[in-house]
>>> print(open('target-v8.cif').read())   # mmCIF, C-alpha atoms
data_query
loop_
_atom_site.group_PDB
_atom_site.id
_atom_site.type_symbol
_atom_site.label_atom_id
_atom_site.label_comp_id
_atom_site.auth_asym_id
_atom_site.auth_seq_id
_atom_site.Cartn_x
_atom_site.Cartn_y
_atom_site.Cartn_z
ATOM 1 C CA MET A 1 -33.753 -58.580 -26.177
ATOM 2 C CA SER A 2 -30.682 -58.568 -28.378
ATOM 3 C CA LYS A 3 -32.244 -55.798 -30.411
ATOM 4 C CA TRP A 4 -32.686 -53.596 -27.318
ATOM 5 C CA ARG A 5 -29.160 -54.439 -26.142
ATOM 6 C CA THR A 6 -27.853 -53.307 -29.495
ATOM 7 C CA ILE A 7 -29.832 -50.065 -29.258
ATOM 8 C CA ILE A 8 -28.621 -49.412 -25.685
ATOM 9 C CA LYS A 9 -25.014 -50.156 -26.637
ATOM 10 C CA THR A 10 -25.272 -47.867 -29.614
ATOM 11 C CA PHE A 11 -26.795 -45.151 -27.431
ATOM 12 C CA MET A 12 -24.077 -45.485 -24.744
ATOM 13 C CA TYR A 13 -21.387 -45.476 -27.415
ATOM 14 C CA SER A 14 -22.859 -42.283 -28.855
ATOM 15 C CA ILE A 15 -22.805 -40.654 -25.429
ATOM 16 C CA LEU A 16 -19.177 -41.661 -24.844
ATOM 17 C CA MET A 17 -18.203 -40.356 -28.257
ATOM 18 C CA LEU A 18 -20.033 -37.100 -27.557
ATOM 19 C CA CYS A 19 -18.179 -36.704 -24.250
ATOM 20 C CA TYR A 20 -14.904 -37.479 -25.986
ATOM 21 C CA VAL A 21 -15.564 -34.983 -28.758
ATOM 22 C CA ASN A 22 -16.707 -32.381 -26.239
ATOM 23 C CA GLY A 23 -13.581 -32.883 -24.146
ATOM 24 C CA PHE A 24 -11.435 -32.744 -27.257
ATOM 25 C CA ALA A 25 -13.198 -29.525 -28.309
ATOM 26 C CA GLN A 26 -12.523 -27.917 -24.925
ATOM 27 C CA ASN A 27 -8.856 -28.887 -25.002
ATOM 28 C CA ASP A 28 -8.732 -27.534 -28.530
ATOM 29 C CA ARG A 29 -10.177 -24.243 -27.227
ATOM 30 C CA LEU A 30 -7.529 -24.161 -24.496
ATOM 31 C CA ASN A 31 -4.792 -24.666 -27.088
ATOM 32 C CA ARG A 32 -6.419 -21.996 -29.242
ATOM 33 C CA ALA A 33 -6.522 -19.562 -26.314
ATOM 34 C CA GLN A 34 -2.820 -20.183 -25.618
ATOM 35 C CA GLN A 35 -1.930 -19.630 -29.278
ATOM 36 C CA LEU A 36 -3.906 -16.374 -29.369
ATOM 37 C CA LEU A 37 -2.170 -15.232 -26.190
ATOM 38 C CA GLN A 38 1.243 -15.916 -27.720
ATOM 39 C CA SER A 39 0.264 -13.979 -30.837
ATOM 40 C CA LYS A 40 -0.790 -10.980 -28.657
ATOM 41 C CA ASN A 41 -4.469 -11.324 -29.508
ATOM 42 C CA ALA A 42 -5.717 -11.272 -25.927
ATOM 43 C CA ASP A 43 -9.279 -10.191 -26.716
ATOM 44 C CA LEU A 44 -9.980 -13.274 -28.835
ATOM 45 C CA ALA A 45 -8.037 -15.420 -26.367
ATOM 46 C CA LYS A 46 -10.363 -14.181 -23.615
ATOM 47 C CA LEU A 47 -13.422 -15.465 -25.491
ATOM 48 C CA ALA A 48 -11.849 -18.892 -25.873
ATOM 49 C CA ILE A 49 -10.587 -19.259 -22.305
ATOM 50 C CA ASP A 50 -13.837 -18.114 -20.706
ATOM 51 C CA SER A 51 -15.607 -21.138 -22.180
ATOM 52 C CA VAL A 52 -12.776 -23.444 -21.096
ATOM 53 C CA ILE A 53 -12.923 -22.583 -17.388
ATOM 54 C CA VAL A 54 -16.657 -23.315 -17.085
ATOM 55 C CA ASN A 55 -16.566 -26.665 -18.871
ATOM 56 C CA PRO A 56 -16.467 -29.755 -16.580
ATOM 57 C CA GLU A 57 -13.739 -31.298 -18.750
ATOM 58 C CA THR A 58 -11.257 -28.459 -18.300
ATOM 59 C CA LYS A 59 -12.306 -26.328 -15.322
ATOM 60 C CA GLY A 60 -10.377 -28.588 -12.945
ATOM 61 C CA ASP A 61 -7.111 -28.144 -14.848
ATOM 62 C CA PHE A 62 -4.629 -25.634 -13.384
ATOM 63 C CA VAL A 63 -3.377 -24.941 -16.912
ATOM 64 C CA SER A 64 -6.761 -23.451 -17.816
ATOM 65 C CA TRP A 65 -6.746 -21.049 -14.874
ATOM 66 C CA THR A 66 -3.139 -19.923 -15.246
ATOM 67 C CA THR A 67 -3.731 -19.358 -18.958
ATOM 68 C CA ARG A 68 -6.812 -17.315 -18.103
ATOM 69 C CA ALA A 69 -4.826 -15.190 -15.632
ATOM 70 C CA TYR A 70 -2.168 -14.375 -18.229
ATOM 71 C CA ILE A 71 -4.751 -13.548 -20.884
ATOM 72 C CA TYR A 72 -6.567 -11.161 -18.583
ATOM 73 C CA PHE A 73 -3.220 -9.670 -17.555
ATOM 74 C CA GLU A 74 -2.493 -8.688 -21.154
ATOM 75 C CA ILE A 75 -5.817 -6.827 -21.311
ATOM 76 C CA TYR A 76 -5.300 -5.350 -17.829
ATOM 77 C CA LYS A 77 -1.924 -3.871 -18.801
ATOM 78 C CA ARG A 78 -3.543 -1.811 -21.551
ATOM 79 C CA SER A 79 -6.190 -0.107 -19.467
ATOM 80 C CA ASP A 80 -6.302 -0.821 -15.746
ATOM 81 C CA LYS A 81 -2.799 -0.568 -14.248
ATOM 82 C CA LEU A 82 -3.537 2.806 -12.661
ATOM 83 C CA LYS A 83 -7.038 1.905 -11.491
ATOM 84 C CA LEU A 84 -7.628 1.125 -7.843
ATOM 85 C CA TYR A 85 -10.771 -0.854 -8.650
ATOM 86 C CA SER A 86 -10.262 -3.247 -11.563
ATOM 87 C CA PRO A 87 -12.468 -6.268 -12.326
ATOM 88 C CA LEU A 88 -9.715 -7.430 -14.685
ATOM 89 C CA ARG A 89 -7.179 -7.433 -11.860
ATOM 90 C CA ASP A 90 -9.646 -9.201 -9.587
ATOM 91 C CA THR A 91 -10.129 -11.908 -12.215
ATOM 92 C CA ILE A 92 -6.376 -12.386 -12.552
ATOM 93 C CA ILE A 93 -5.971 -12.824 -8.799
ATOM 94 C CA SER A 94 -8.938 -15.188 -8.412
ATOM 95 C CA SER A 95 -7.729 -17.280 -11.385
ATOM 96 C CA LEU A 96 -4.270 -17.629 -9.860
ATOM 97 C CA LYS A 97 -5.738 -18.633 -6.513
ATOM 98 C CA ILE A 98 -7.808 -21.355 -8.175
ATOM 99 C CA SER A 99 -4.801 -22.545 -10.185
ATOM 100 C CA ASN A 100 -2.705 -22.789 -7.014
ATOM 101 C CA SER A 101 -5.484 -24.708 -5.260
ATOM 102 C CA LEU A 102 -5.333 -27.316 -8.056
ATOM 103 C CA LYS A 103 -1.704 -28.139 -7.198
ATOM 104 C CA PRO A 104 0.113 -26.930 -10.335
ATOM 105 C CA ASP A 105 3.429 -28.400 -11.402
ATOM 106 C CA GLU A 106 6.657 -26.512 -10.710
ATOM 107 C CA THR A 107 6.616 -24.557 -13.984
ATOM 108 C CA PHE A 108 3.063 -23.315 -13.567
ATOM 109 C CA ALA A 109 3.532 -22.651 -9.850
ATOM 110 C CA THR A 110 6.527 -20.457 -10.713
ATOM 111 C CA ASN A 111 4.550 -18.614 -13.391
ATOM 112 C CA ASN A 112 1.691 -18.065 -10.943
ATOM 113 C CA LYS A 113 4.110 -16.625 -8.406
ATOM 114 C CA LYS A 114 5.652 -14.290 -10.985
ATOM 115 C CA LEU A 115 2.287 -12.932 -12.043
ATOM 116 C CA ILE A 116 0.958 -12.390 -8.514
ATOM 117 C CA SER A 117 4.231 -10.628 -7.647
ATOM 118 C CA ASN A 118 3.729 -8.359 -10.666
ATOM 119 C CA ILE A 119 0.163 -7.551 -9.591
ATOM 120 C CA SER A 120 1.363 -6.873 -6.057
ATOM 121 C CA ALA A 121 4.084 -4.516 -7.291
ATOM 122 C CA GLY A 122 1.447 -2.710 -9.348
ATOM 123 C CA TYR A 123 -0.565 -2.057 -6.203
ATOM 124 C CA PHE A 124 2.548 -0.714 -4.449
ATOM 125 C CA ASN A 125 3.324 1.669 -7.297
ATOM 126 C CA LEU A 126 -0.307 2.765 -7.354
ATOM 127 C CA SER A 127 -0.167 3.499 -3.625
ATOM 128 C CA LYS A 128 2.765 5.866 -4.246
ATOM 129 C CA VAL A 129 1.001 7.621 -7.132
ATOM 130 C CA LEU A 130 -2.181 8.101 -5.114
ATOM 131 C CA LEU A 131 -0.171 9.423 -2.182
ATOM 132 C CA MET A 132 2.412 11.693 -3.789
ATOM 133 C CA ASP A 133 0.603 12.827 -6.933
ATOM 134 C CA SER A 134 -3.053 12.743 -5.947
ATOM 135 C CA LEU A 135 -2.761 13.409 -2.185
ATOM 136 C CA ASN A 136 -5.421 10.765 -1.636
ATOM 137 C CA TYR A 137 -4.315 8.993 1.530
ATOM 138 C CA LYS A 138 -7.461 6.870 1.893
ATOM 139 C CA ASN A 139 -7.124 5.295 -1.556
ATOM 140 C CA SER A 140 -3.357 5.143 -1.269
ATOM 141 C CA LEU A 141 -3.622 3.169 1.964
ATOM 142 C CA MET A 142 -6.147 0.838 0.330
ATOM 143 C CA ALA A 143 -3.712 0.170 -2.527
ATOM 144 C CA TYR A 144 -0.855 -0.343 -0.071
ATOM 145 C CA ASN A 145 -2.836 -2.898 1.931
ATOM 146 C CA LYS A 146 -3.748 -4.672 -1.328
ATOM 147 C CA PHE A 147 -0.028 -4.800 -2.134
ATOM 148 C CA LYS A 148 0.653 -6.620 1.125
ATOM 149 C CA GLU A 149 -2.390 -8.875 0.803
ATOM 150 C CA ASN A 150 -1.235 -10.133 -2.600
ATOM 151 C CA PHE A 151 2.491 -10.165 -1.927
ATOM 152 C CA ILE A 152 1.913 -12.621 0.902
ATOM 153 C CA LEU A 153 0.336 -15.006 -1.623
ATOM 154 C CA ALA A 154 3.615 -15.097 -3.519
ATOM 155 C CA GLU A 155 5.902 -14.928 -0.491
ATOM 156 C CA PRO A 156 4.182 -16.393 2.593
ATOM 157 C CA GLY A 157 5.630 -15.304 5.939
ATOM 158 C CA THR A 158 6.972 -11.984 4.648
ATOM 159 C CA ASN A 159 7.766 -9.392 7.348
ATOM 160 C CA PHE A 160 6.496 -6.005 6.163
ATOM 161 C CA ASN A 161 8.069 -3.837 8.868
ATOM 162 C CA ALA A 162 10.615 -2.222 6.548
ATOM 163 C CA ARG A 163 7.984 -1.503 3.880
ATOM 164 C CA ASP A 164 5.540 -0.207 6.504
ATOM 165 C CA ILE A 165 8.152 2.214 7.807
ATOM 166 C CA GLU A 166 8.913 3.370 4.266
ATOM 167 C CA TYR A 167 5.254 3.885 3.385
ATOM 168 C CA TYR A 168 4.011 5.485 6.605
ATOM 169 C CA LEU A 169 7.066 7.716 6.897
ATOM 170 C CA ALA A 170 6.496 9.013 3.358
ATOM 171 C CA ALA A 171 2.833 9.687 4.164
ATOM 172 C CA GLY A 172 3.638 11.275 7.505
ATOM 173 C CA SER A 173 6.351 13.526 6.096
ATOM 174 C CA LEU A 174 4.089 14.646 3.263
ATOM 175 C CA TYR A 175 1.106 15.499 5.448
ATOM 176 C CA SER A 176 3.146 17.067 8.244
ATOM 177 C CA ASP A 177 4.639 19.439 5.632
ATOM 178 C CA ILE A 178 1.124 20.274 4.450
ATOM 179 C CA PHE A 179 0.006 20.970 8.009
ATOM 180 C CA ASN A 180 3.087 23.045 8.845
ATOM 181 C CA LYS A 181 2.294 25.273 5.873
ATOM 182 C CA ASP A 182 -1.412 25.466 6.692
ATOM 183 C CA ASN A 183 -2.185 25.055 10.373
ATOM 184 C CA LYS A 184 -5.923 25.074 9.622
ATOM 185 C CA ASN A 185 -5.633 21.831 7.685
ATOM 186 C CA THR A 186 -6.624 19.559 10.568
ATOM 187 C CA SER A 187 -7.214 16.637 8.206
ATOM 188 C CA ALA A 188 -3.535 16.722 7.172
ATOM 189 C CA GLN A 189 -2.575 16.985 10.839
ATOM 190 C CA GLU A 190 -4.530 13.869 11.784
ATOM 191 C CA ILE A 191 -3.108 11.838 8.896
ATOM 192 C CA ALA A 192 0.414 12.966 9.780
ATOM 193 C CA LYS A 193 0.003 12.011 13.436
ATOM 194 C CA LEU A 194 -1.552 8.653 12.586
ATOM 195 C CA THR A 195 1.068 7.617 10.039
ATOM 196 C CA LEU A 196 4.094 8.867 11.963
ATOM 197 C CA MET A 197 2.923 7.105 15.103
ATOM 198 C CA LYS A 198 2.619 3.891 13.063
ATOM 199 C CA VAL A 199 6.304 4.299 12.225
ATOM 200 C CA LEU A 200 7.158 4.777 15.910
ATOM 201 C CA ASP A 201 5.113 1.706 16.843
ATOM 202 C CA ILE A 202 7.513 -0.325 14.703
ATOM 203 C CA GLN A 203 10.684 1.692 15.285
ATOM 204 C CA PRO A 204 10.395 3.971 18.362
ATOM 205 C CA GLU A 205 13.723 5.690 17.749
ATOM 206 C CA ASN A 206 13.124 6.530 14.078
ATOM 207 C CA PRO A 207 14.684 10.008 13.755
ATOM 208 C CA SER A 208 12.592 11.263 10.833
ATOM 209 C CA ALA A 209 9.277 10.330 12.445
ATOM 210 C CA ASN A 210 10.266 11.878 15.775
ATOM 211 C CA ILE A 211 11.560 15.065 14.158
ATOM 212 C CA ASN A 212 8.455 15.450 12.004
ATOM 213 C CA LEU A 213 6.098 14.949 14.926
ATOM 214 C CA GLY A 214 8.094 17.321 17.150
ATOM 215 C CA ILE A 215 8.224 20.104 14.565
ATOM 216 C CA MET A 216 4.528 19.678 13.826
ATOM 217 C CA TYR A 217 3.614 20.131 17.502
ATOM 218 C CA TYR A 218 5.983 23.096 17.776
ATOM 219 C CA ASN A 219 4.483 24.817 14.726
ATOM 220 C CA GLN A 220 1.022 24.158 16.110
ATOM 221 C CA ALA A 221 2.063 26.001 19.273
ATOM 222 C CA VAL A 222 3.517 28.888 17.258
ATOM 223 C CA ASN A 223 0.335 29.299 15.261
ATOM 224 C CA LEU A 224 -1.756 29.099 18.415
ATOM 225 C CA GLY A 225 0.131 32.079 19.781
ATOM 226 C CA LYS A 226 -0.216 33.988 16.512
ATOM 227 C CA GLY A 227 -3.957 33.409 16.586
ATOM 228 C CA LEU A 228 -4.416 35.122 19.935
ATOM 229 C CA ASP A 229 -6.526 38.247 19.434
ATOM 230 C CA TYR A 230 -5.028 41.596 20.394
ATOM 231 C CA GLY A 231 -6.703 42.851 23.521
ATOM 232 C CA ALA A 232 -7.837 39.383 24.653
ATOM 233 C CA ASP A 233 -8.734 39.129 28.343
ATOM 234 C CA PHE A 234 -6.365 37.500 30.831
ATOM 235 C CA SER A 235 -8.409 34.301 31.178
ATOM 236 C CA GLN A 236 -8.201 33.715 27.433
ATOM 237 C CA ILE A 237 -4.485 34.477 27.400
ATOM 238 C CA ASP A 238 -3.893 32.017 30.240
ATOM 239 C CA VAL A 239 -5.726 29.238 28.398
ATOM 240 C CA VAL A 240 -3.761 29.862 25.201
ATOM 241 C CA GLN A 241 -0.428 29.998 27.021
ATOM 242 C CA GLU A 242 -1.252 26.770 28.854
ATOM 243 C CA ASN A 243 -1.978 25.038 25.545
ATOM 244 C CA ILE A 244 1.192 26.456 24.004
ATOM 245 C CA ILE A 245 3.243 25.013 26.866
ATOM 246 C CA LYS A 246 1.548 21.603 26.472
ATOM 247 C CA LEU A 247 2.264 21.539 22.754
ATOM 248 C CA ALA A 248 5.885 22.651 23.280
ATOM 249 C CA LYS A 249 6.437 19.890 25.826
ATOM 250 C CA GLN A 250 4.905 17.350 23.441
ATOM 251 C CA ALA A 251 7.313 18.589 20.772
ATOM 252 C CA GLU A 252 10.222 18.265 23.208
ATOM 253 C CA GLN A 253 9.382 14.611 23.972
ATOM 254 C CA PHE A 254 9.818 13.632 20.339
ATOM 255 C CA ILE A 255 12.834 15.794 19.505
ATOM 256 C CA ILE A 256 14.805 14.887 22.626
ATOM 257 C CA LYS A 257 14.693 11.204 21.629
ATOM 258 C CA VAL A 258 16.594 12.058 18.472
ATOM 259 C CA TYR A 259 19.049 14.318 20.296
ATOM 260 C CA LYS A 260 19.913 11.606 22.853
ATOM 261 C CA VAL A 261 20.899 9.254 20.052
ATOM 262 C CA ASP A 262 22.657 11.903 17.956
ATOM 263 C CA ASN A 263 23.589 15.120 19.780
ATOM 264 C CA LYS A 264 24.850 16.629 16.545
ATOM 265 C CA ASN A 265 21.626 16.224 14.645
ATOM 266 C CA VAL A 266 21.146 19.716 13.201
ATOM 267 C CA LYS A 267 17.347 19.586 13.040
ATOM 268 C CA ALA A 268 17.084 18.292 16.606
ATOM 269 C CA VAL A 269 19.457 20.883 18.055
ATOM 270 C CA GLU A 270 17.787 23.776 16.247
ATOM 271 C CA ALA A 271 14.301 22.568 17.202
ATOM 272 C CA LEU A 272 15.222 22.139 20.878
ATOM 273 C CA HIS A 273 16.612 25.686 21.011
ATOM 274 C CA SER A 274 13.293 26.999 19.680
ATOM 275 C CA ILE A 275 11.272 24.803 22.022
ATOM 276 C CA TYR A 276 13.154 25.914 25.152
ATOM 277 C CA LYS A 277 12.850 29.502 24.044
ATOM 278 C CA MET A 278 9.079 28.986 23.789
ATOM 279 C CA LEU A 279 9.019 27.342 27.229
ATOM 280 C CA ASN A 280 11.017 30.269 28.616
ATOM 281 C CA ASP A 281 13.629 27.868 29.968
ATOM 282 C CA LYS A 282 16.578 30.272 29.929
ATOM 283 C CA ALA A 283 19.234 27.768 30.974
ATOM 284 C CA LYS A 284 18.404 25.205 28.303
ATOM 285 C CA GLU A 285 17.791 27.907 25.718
ATOM 286 C CA GLU A 286 21.319 29.189 26.328
ATOM 287 C CA GLU A 287 22.723 25.644 26.288
ATOM 288 C CA PHE A 288 21.244 24.920 22.875
ATOM 289 C CA LYS A 289 22.131 28.358 21.601
ATOM 290 C CA LYS A 290 25.786 27.414 22.155
ATOM 291 C CA LYS A 291 25.266 24.047 20.476
ATOM 292 C CA CYS A 292 23.729 25.834 17.490
ATOM 293 C CA LYS A 293 26.799 28.011 17.252
ATOM 294 C CA GLU A 294 29.108 24.964 17.428
ATOM 295 C CA LEU A 295 27.203 23.351 14.544
ATOM 296 C CA ASN A 296 27.039 26.610 12.534
ATOM 297 C CA ILE A 297 23.249 26.742 12.795
ATOM 298 C CA LYS A 298 21.841 30.194 12.189
ATOM 299 C CA ILE A 299 19.171 31.136 14.730
ATOM 300 C CA ASP A 300 17.176 34.276 15.509
#
>>> encode(input="target-v8.cif", output="C-alpha cells")
Amino acid sequence: MSKWRTIIKTFMYSILMLCYVNGFAQNDRLNRAQQLLQSKNADLAKLAIDSVIVNPETKGDFVSWTTRAYIYFEIYKRSDKLKLYSPLRDTIISSLKISNSLKPDETFATNNKKLISNISAGYFNLSKVLLMDSLNYKNSLMAYNKFKENFILAEPGTNFNARDIEYYLAAGSLYSDIFNKDNKNTSAQEIAKLTLMKVLDIQPENPSANINLGIMYYNQAVNLGKGLDYGADFSQIDVVQENIIKLAKQAEQFIIKVYKVDNKNVKAVEALHSIYKMLNDKAKEEEFKKKCKELNIKID
C-alpha cells in the first residue's frame, strides 16, 4: 500500500507542479504582452494576450482584459479609426466590458473609462465625417447612436439632449439646403424633415430648426407653382393653388414661432413677407414689407 501511496503522492505533486508552471507561464505571457505594448510592438503583444484571456488561470483577471483592450487599440488606431464596422473596435469594447464586470481596482477602472471615452469620441467624429463629407445619413446616424451607446458606459446617466440637438440640427440644415437647391430630391427632403422635427421634439422653440423647416416648405410651394404647365386646365390649377396655400401655411407655422420670440430676426421677417405675399394676404404683406425696410432687408 505504501508503494501505491507514494506513486499517488508523486502523481498529485506532478499535477500541482504542472498547474503551477502553467499558471506561471500564463502570467509570464501577460507580463510579456504588457512589455510588448509598452515598446509599441502591438502585433506581437496581440499574440501573447490572446492566449492569456482564454487560459483558466488568467481569463478571470481584469488586468488581462484591460491589457487586451489597449493592445487592440494600438492596432485599431493604425487602420480602423474611420471604419464604421471594425472587429478591432468591437474587441476593444467587449474586452473593457469584461474587465469592468470583474471589478477592477481604481487605476484600471479609470483606464477603462478613458479608453471607452476615446472609442466613443471616435464614433462621434466618424458620424460627422459620414454626414458632412460623405452625405451618408444612414451610416452617420448609426455612428452617432454608437457614440451614445458607448459614452453611457463611461458616463452613466448622461443626458444627450444638447448633443442630439447639435447632431440633428446639423443634419437637418445640410439636407434642407440640398432640397432647397433641388426640389426633386425627395430623399433629402424626408431626412431634413425627420431630423429637424427631432430637434423640435427636444426644443420646440429652436430658431434654426423652425426657420429651416419653414423655408423648406416655402420653397416647396414656390417650385410647385413653377412646375405648373402653361395652358393647364382650371381643375389642375385649382389643385396646385390649394397645395401651394397649404405649404405656405405650413411654412408660416414654423416661421411665426421664431418671429414671436424675436421680432427682429432678419430671416423670419423676410420669410414671413414672402409667405404672406404668396398667400395674397395684402395687409400682412404690407406689414412685413415695412418691417423689412426698418431692418434694411432688401426685398423684391
>>> atom_distance(input="target-v8.cif", atom1="CA of Thr66 in chain A", atom2="CA of Thr91 in chain A")
11.1 Å
>>> residues_around(input="target-v8.cif", residues="Asp177 in chain A", least_positions_apart="6", cutoff="12 Å", atoms="all atoms listed in the file", output="list in words")
Ala170, Ala171, Asn183, Asn185, Ala188, Gln189, Ile191, Ala192, Lys193, Ile211, Asn212, Leu213, Ile215, Met216, Tyr217 and Asn219 of chain A
>>> atom_distance(input="target-v8.cif", atom1="CA of Thr110 in chain A", atom2="CA of Tyr167 in chain A")
28.2 Å
>>> atom_distance(input="target-v8.cif", atom1="CA of Ile92 in chain A", atom2="CA of Tyr72 in chain A")
6.2 Å
>>> closest_residue(input="target-v8.cif", among="A:Ser39, A:Pro207, A:Gly214, A:Trp65", to="Ile53 in chain A", atoms="all atoms listed in the file")
A:Trp65
>>> closest_residue(input="target-v8.cif", among="A:Glu166, A:Lys181, A:Ala109, A:Glu57", to="Phe124 in chain A", atoms="only C-alpha atoms")
A:Glu166
>>> resolve_selection(input="target-v8.cif", expression="the PyMOL selection byres ((chain A and resi 100) around 10)", output="list in words")
Phe62, Trp65, Thr66, Ser94, Ser95, Leu96, Lys97, Ile98, Ser99, Ser101, Leu102, Lys103, Pro104, Asp105, Phe108, Ala109, Asn112, Lys113 and Leu153 of chain A
>>> axis_aligned_box(input="target-v8.cif", around="range 192-207 of chain A", padding_each_side="8 Å", output="lines of an AutoDock Vina configuration file")
center_x = 6.6
center_y = 6.3
center_z = 14.1
size_x = 32.2
size_y = 29.3
size_z = 24.6
>>> closest_residue(input="target-v8.cif", among="A:Ile245, A:Leu30, A:Cys292, A:Leu37", to="Val266 in chain A", atoms="all atoms listed in the file")
A:Cys292
>>> residues_around(input="target-v8.cif", residues="Asn263 in chain A", least_positions_apart="6", cutoff="12 Å", atoms="only C-alpha atoms", output="list in words")
Pro207, Ile255, Ile256, Lys257, Val269, Glu270, Leu272, Phe288, Lys291, Cys292, Glu294 and Leu295 of chain A
>>> write_last_selection(input="target-v8.cif", atoms="C-alpha atoms", output="short mmCIF file (atom, residue, chain, number, x, y, z; two decimals), in the coordinates of the input")
data_model
loop_
_atom_site.label_atom_id
_atom_site.label_comp_id
_atom_site.auth_asym_id
_atom_site.auth_seq_id
_atom_site.Cartn_x
_atom_site.Cartn_y
_atom_site.Cartn_z
CA PRO A 207 14.68 10.01 13.76
CA ILE A 255 12.83 15.79 19.50
CA ILE A 256 14.80 14.89 22.63
CA LYS A 257 14.69 11.20 21.63
CA VAL A 269 19.46 20.88 18.06
CA GLU A 270 17.79 23.78 16.25
CA LEU A 272 15.22 22.14 20.88
CA PHE A 288 21.24 24.92 22.88
CA LYS A 291 25.27 24.05 20.48
CA CYS A 292 23.73 25.83 17.49
CA GLU A 294 29.11 24.96 17.43
CA LEU A 295 27.20 23.35 14.54
#
>>> closest_residue(input="target-v8.cif", among="A:Ala154, A:Val52, A:Leu196, A:Ile71", to="Ser176 in chain A", atoms="only C-alpha atoms")
A:Leu196
>>> resolve_selection(input="target-v8.cif", expression="the PyMOL selection byres ((chain A and resi 140-144) around 8)", output="list in words")
Leu84, Tyr123, Phe124, Leu126, Ser127, Lys128, Val129, Leu130, Leu131, Asn136, Tyr137, Lys138, Asn139, Asn145, Lys146, Phe147 and Lys148 of chain A
>>> closest_residue(input="target-v8.cif", among="A:Ala283, A:Met197, A:Asp182, A:Ile202", to="Ala162 in chain A", atoms="all atoms listed in the file")
A:Ile202
>>> closest_residue(input="target-v8.cif", among="A:Ala121, A:Glu252, A:Lys83, A:Pro56", to="Lys284 in chain A", atoms="all atoms listed in the file")
A:Glu252
>>> resolve_selection(input="target-v8.cif", expression="the PyMOL selection byres ((chain A and resi 224) around 10)", output="ChimeraX atom specification")
/A:183,218-223,225-228,240-241,243-244,247
>>> decode(input="target-v8.cif", residues="range 110-115 of chain A", atoms="all heavy atoms", output="compact mmCIF listing (two decimals), in the first residue's frame")
# COMPACT_ATOMS: atom_id res chain seq x y z
N THR A 110 -10.25 53.46 -14.03
CA THR A 110 -10.03 54.77 -14.66
C THR A 110 -9.50 54.60 -16.08
O THR A 110 -9.94 55.30 -17.01
CB THR A 110 -9.03 55.60 -13.83
OG1 THR A 110 -9.58 55.82 -12.53
CG2 THR A 110 -8.76 56.94 -14.49
N ASN A 111 -8.57 53.67 -16.26
CA ASN A 111 -8.03 53.42 -17.60
C ASN A 111 -9.09 52.87 -18.55
O ASN A 111 -9.13 53.23 -19.73
CB ASN A 111 -6.86 52.44 -17.51
CG ASN A 111 -5.61 53.08 -16.92
OD1 ASN A 111 -5.43 54.29 -17.01
ND2 ASN A 111 -4.75 52.28 -16.31
N ASN A 112 -9.96 52.01 -18.02
CA ASN A 112 -11.07 51.50 -18.83
C ASN A 112 -11.98 52.64 -19.29
O ASN A 112 -12.41 52.69 -20.45
CB ASN A 112 -11.89 50.49 -18.03
CG ASN A 112 -11.14 49.18 -17.80
OD1 ASN A 112 -10.08 48.96 -18.37
ND2 ASN A 112 -11.71 48.32 -16.98
N LYS A 113 -12.28 53.53 -18.37
CA LYS A 113 -13.16 54.66 -18.67
C LYS A 113 -12.53 55.57 -19.72
O LYS A 113 -13.21 56.04 -20.65
CB LYS A 113 -13.43 55.45 -17.38
CG LYS A 113 -14.36 56.63 -17.55
CD LYS A 113 -14.63 57.28 -16.20
CE LYS A 113 -15.54 58.49 -16.35
NZ LYS A 113 -15.85 59.12 -15.05
N LYS A 114 -11.24 55.81 -19.61
CA LYS A 114 -10.54 56.66 -20.58
C LYS A 114 -10.60 56.07 -21.98
O LYS A 114 -10.84 56.78 -22.97
CB LYS A 114 -9.08 56.86 -20.16
CG LYS A 114 -8.87 57.80 -18.99
CD LYS A 114 -7.40 57.91 -18.66
CE LYS A 114 -7.16 58.85 -17.48
NZ LYS A 114 -5.72 58.93 -17.11
N LEU A 115 -10.39 54.76 -22.06
CA LEU A 115 -10.36 54.12 -23.37
C LEU A 115 -11.75 54.07 -24.00
O LEU A 115 -11.91 54.32 -25.19
CB LEU A 115 -9.77 52.72 -23.27
CG LEU A 115 -9.49 52.01 -24.60
CD1 LEU A 115 -8.70 52.91 -25.55
CD2 LEU A 115 -8.76 50.70 -24.38
